[in-house]
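A.B. asks: Quick one: the structure is below, and I'll ask about it shortly.
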There are 2 protein chains.
Amino acid sequence: MKKRQDTKHIILQSATRLFQRQGYNGTGLNQIIEESGAPKGSIYYHFPNGKEEIALEAISVMRKLLLEGAEKDLSGRNSAVEAFEFYVNNIATVFDSGDCVEGLSIGLIASETASTHEKLRHACEMVFKDWQSLYANILEQYGFEKARAVELGITITAMIEGACLLSITYQNGNALRMVAKQLLVLLKK
Amino acid sequence: MKKRQDTKHIILQSATRLFQRQGYNGTGLNQIIEESGAPKGSIYYHFPNGKEEIALEAISVMRKLLLEGAEKDLSGRNSAVEAFEFYVNNIATVFDSGDCVEGLSIGLIASETASTHEKLRHACEMVFKDWQSLYANILEQYGFEKARAVELGITITAMIEGACLLSITYQNGNALRMVAKQLLVLLKK
DNA sequence: GTCTATACGTAGATAGAC
DNA sequence: GTCTATCTACGTATAGAC
């Protein structure tokens with residue numbers, strides 16, 4: 001059917017946005033329904049396993065979007081430094097608007113579920129690993145040796161996640177811009 | 001009275017632990033009472049403003065503990081690199097035990113409350129700023145010029161918070177150890 | 001596929017006895 | 001200072017008509 005995919009899709013859209021902003025525990029099923037305008041009775045039709053299943057699919061949506069964005073921003077530059085500087089400064093601008101930031105990371109949902117929902121924890125772990133690999137691959141393309149690229153992949157993932165946390169808390173993107181600046185030192189060859 | 005302080009204290013102890021592990025939304029008042037063994041009726045006597053007030057005081061407890069620990073680990077070393085390496089590797093060991101990590105940061109509660117509880121958001125912001133200042137001061141003591149020390153203070157705060165997030169998710173402290181290693185590069189003079 | 005109604009638990013919070 | 005009882009709201013989830 002056509003309607004089937006449409007409704008499921010808009011539920012997932014709203015859920016993704018709400019989970020990113022308010023976290024897993026902070027978001028209710030009722031709120032997702034309300035926000036999306038989807039028919040209330042349809043949630044357990046599309047997601048028989050309830051909230052956890054929605055979160056699992058939402059993480060998968062985030063993963064896809066965030067990785068695509070990263071790949072686009074990071075490719076076709078003249079150097080690793082230039083690529084990551086552009087990429088991180090780009091993220092920074094999102095946090096400047098002040099209110100109602102749609103988190104650009106899965107950091108919140110990851111830390112919430114790490115010790116309570118094994119499935120969700122694992123899904124988040126996979127996303128972080130994807131990022132690390134992507135960053136490492138990009139660095140290899142720019143001439144870093146493999147072992148060093150892997151190390152930097154982990155480090156850059158941590159730096160960006162940490163800076164996103166500071167940026168959300170401070171309500172501006174300055175921490176991310178600072179990280180972008182320090183990458184000049186870290187990526188010096 | 002004496003009892004007054006005792007009960008309030010044990011409530012705060014449990015609340016601090018639970019908020020760090022499960023977050024603000026993930027922790028119920030009932031659970032705090034249960035965990036602490038405190039008399040159930042006494043919560044609104046000691047904390048008339050309810051859950052938010054408990055969280056506010058819990059953040060203050062975390063702030064004190066974490067800053068004290070950081071100051072101790074970072075002082076009396078031979079160089080900035082040595083100090084931060086010891087400090088970060090020390091944090092890393094806490095995440096190796098696998099299950100039931102008592103978060104060592106306020107990252108979870110900070111990201112949960114950033115867009116929903118202004119008072120709590122602000123309290124977390126102050127803690128992060130304290131960290132930045134502490135790190136910057138330490139770096140100045142080791143001979144970094146002030147402006148550079150401030151930049152690095154922000155960056156190191158982000159790196160550690162991000163690595164804590166990865167460590168919680170991965171259930172081991174390797175990300176933190178990796179960050180410690182990269183500080184060798186970043187703190188080179 | 002969608003709707004209404006509702007079950008059932010637990011959340012935070014309050015009142016008033018002790 | 002502490003206890004019990006209770007209120008109201010909301011959480012997830014289900015049942016069954018349409």
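Chain labels A, B, ... are given in the sequence in which chains occur in the structure tokens; within each chain residues are numbered consecutively from 1, and ligands are likewise numbered from 1 in the order shown.
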Using only C-alpha atoms (C1' of nucleotides), which chain D residues lie at most 10 Å away from chain A, written as a count of residues only?
C.D. replies: 5
A.B. asks: Determine which residues of stretch 18-185 of chain B receive a DSSP assignment of helix (DSSP H, G or I), computed from the backbone, and state them as a ChimeraX atom specification.
C.D. replies: /B:18-22,29-36,40-46,50-74,80-94,107-113,118-141,146-170,174-185
A.B. asks: Identify every residue of chain C that has at least one atom within 10 Å of any atom of chain B, counting only C-alpha atoms (C1' of nucleotides), and report the result as a short mmCIF file (atom, residue, chain, number, x, y, z; two decimals) with N, CA, C and O atoms (P, O5', C5', C4', C3', O3' and C1' of nucleotides), in the first residue's frame.
C.D. replies:
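So the final result, stored in part-v2.cif, reads:
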```cif
data_model
loop_
_atom_site.label_atom_id
_atom_site.label_comp_id
_atom_site.auth_asym_id
_atom_site.auth_seq_id
_atom_site.Cartn_x
_atom_site.Cartn_y
_atom_site.Cartn_z
P DT C 10 4.87 -0.31 38.32
"O5'" DT C 10 5.26 1.24 38.28
"C5'" DT C 10 5.73 1.80 37.06
"C4'" DT C 10 5.55 3.30 37.08
"C3'" DT C 10 6.11 3.96 38.36
"O3'" DT C 10 7.18 4.80 37.98
"C1'" DT C 10 4.04 4.90 37.67
P DA C 11 8.08 5.44 39.06
"O5'" DA C 11 8.14 6.97 38.63
"C5'" DA C 11 8.05 7.32 37.25
"C4'" DA C 11 7.37 8.67 37.08
"C3'" DA C 11 7.59 9.62 38.25
"O3'" DA C 11 8.74 10.40 38.00
"C1'" DA C 11 5.28 9.59 37.59
P DG C 12 9.39 11.12 39.26
"O5'" DG C 12 8.37 12.32 39.50
"C5'" DG C 12 8.22 13.30 38.48
"C4'" DG C 12 7.17 14.30 38.92
"C3'" DG C 12 7.56 15.11 40.16
"O3'" DG C 12 7.15 16.46 39.99
"C1'" DG C 12 5.54 13.94 40.58
P DA C 13 7.53 17.49 41.16
"O5'" DA C 13 6.21 17.50 42.04
"C5'" DA C 13 4.98 17.87 41.44
"C4'" DA C 13 3.86 17.68 42.44
"C3'" DA C 13 4.08 18.40 43.78
"O3'" DA C 13 3.10 19.42 43.90
"C1'" DA C 13 3.22 16.19 44.07
P DT C 14 3.17 20.41 45.15
"O5'" DT C 14 2.04 19.79 46.08
"C5'" DT C 14 0.76 19.52 45.52
"C4'" DT C 14 -0.16 18.95 46.56
"C3'" DT C 14 -0.13 19.65 47.93
"O3'" DT C 14 -1.48 19.95 48.27
"C1'" DT C 14 0.09 17.31 48.20
#
```
A.B. asks: Show me, as an mmCIF file with C-alpha atoms, in the first residue's frame, every residue of chain A with an atom at most 8 Å from chain B, counting only C-alpha atoms.
C.D. replies:
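What ended up in out38.cif:
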```cif
data_model
loop_
_atom_site.group_PDB
_atom_site.id
_atom_site.type_symbol
_atom_site.label_atom_id
_atom_site.label_comp_id
_atom_site.auth_asym_id
_atom_site.auth_seq_id
_atom_site.Cartn_x
_atom_site.Cartn_y
_atom_site.Cartn_z
ATOM 1 C CA ARG A 21 16.132 17.055 21.091
ATOM 2 C CA GLN A 22 14.614 15.506 24.220
ATOM 3 C CA GLY A 23 16.172 12.094 24.386
ATOM 4 C CA ASN A 25 13.221 9.032 28.204
ATOM 5 C CA GLY A 26 12.108 12.594 27.642
ATOM 6 C CA ASP A 99 16.662 27.871 20.930
ATOM 7 C CA CYS A 100 15.338 24.526 19.864
ATOM 8 C CA VAL A 101 18.438 22.932 18.485
ATOM 9 C CA GLY A 107 25.063 11.616 21.921
ATOM 10 C CA LEU A 108 22.033 12.143 24.111
ATOM 11 C CA ALA A 110 23.506 7.036 23.410
ATOM 12 C CA SER A 111 24.300 8.090 26.958
ATOM 13 C CA GLU A 112 20.723 7.630 28.131
ATOM 14 C CA THR A 113 20.450 4.082 26.918
ATOM 15 C CA ALA A 114 24.009 2.867 27.506
ATOM 16 C CA SER A 115 23.239 1.161 30.792
ATOM 17 C CA THR A 116 19.551 0.426 30.398
ATOM 18 C CA ARG A 121 23.185 1.067 23.096
ATOM 19 C CA HIS A 122 24.451 -1.289 20.448
ATOM 20 C CA CYS A 124 24.473 3.835 18.835
ATOM 21 C CA GLU A 125 27.801 2.068 19.078
ATOM 22 C CA PHE A 128 29.907 5.958 16.271
ATOM 23 C CA GLU A 151 43.697 6.851 15.753
ATOM 24 C CA ILE A 154 38.469 7.965 17.069
ATOM 25 C CA THR A 155 39.863 11.205 18.404
ATOM 26 C CA THR A 157 34.722 11.581 16.756
ATOM 27 C CA ALA A 158 35.259 12.257 20.452
ATOM 28 C CA MET A 159 36.155 15.897 19.856
ATOM 29 C CA ILE A 160 33.091 16.565 17.744
ATOM 30 C CA GLU A 161 30.706 14.793 20.117
ATOM 31 C CA GLY A 162 32.169 16.628 23.085
ATOM 32 C CA ALA A 163 32.004 19.957 21.310
ATOM 33 C CA LEU A 165 27.587 18.750 23.965
ATOM 34 C CA LEU A 166 29.249 22.007 24.958
ATOM 35 C CA ILE A 168 24.105 22.579 23.104
ATOM 36 C CA THR A 169 24.769 23.585 26.686
ATOM 37 C CA TYR A 170 26.211 27.000 25.826
ATOM 38 C CA ALA A 175 33.102 25.174 21.131
ATOM 39 C CA MET A 178 37.395 26.000 18.675
ATOM 40 C CA VAL A 179 37.716 22.304 17.937
ATOM 41 C CA GLN A 182 42.698 22.843 17.013
ATOM 42 C CA VAL A 185 47.476 21.329 15.045
ATOM 43 C CA LEU A 186 46.331 17.742 15.262
#
```
A.B. asks: Tell me, in Å to one decimal, how far atom C1' of C:DT4 is from atom CA of A:Leu56.
C.D. replies: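 That distance, rounded to one decimal, is 28.2 Å.
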A.B. asks: When you look at A:Glu140 with a cut-off of 7 Å (counting only C-alpha atoms (C1' of nucleotides)), what residues show up, excluding the ones that are within fewer than 5 positions of it in the same chain? I need them as a VMD selection string.
C.D. replies: chain A and resid 145 to 146 149
A.B. asks: Could you check how far atom CA of B:Ser14 sits from atom CA of B:Ser42, in Å to one decimal?
C.D. replies: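 Atom-to-atom, atom CA of B:Ser14 and atom CA of B:Ser42 are spaced 14.4 Å apart.
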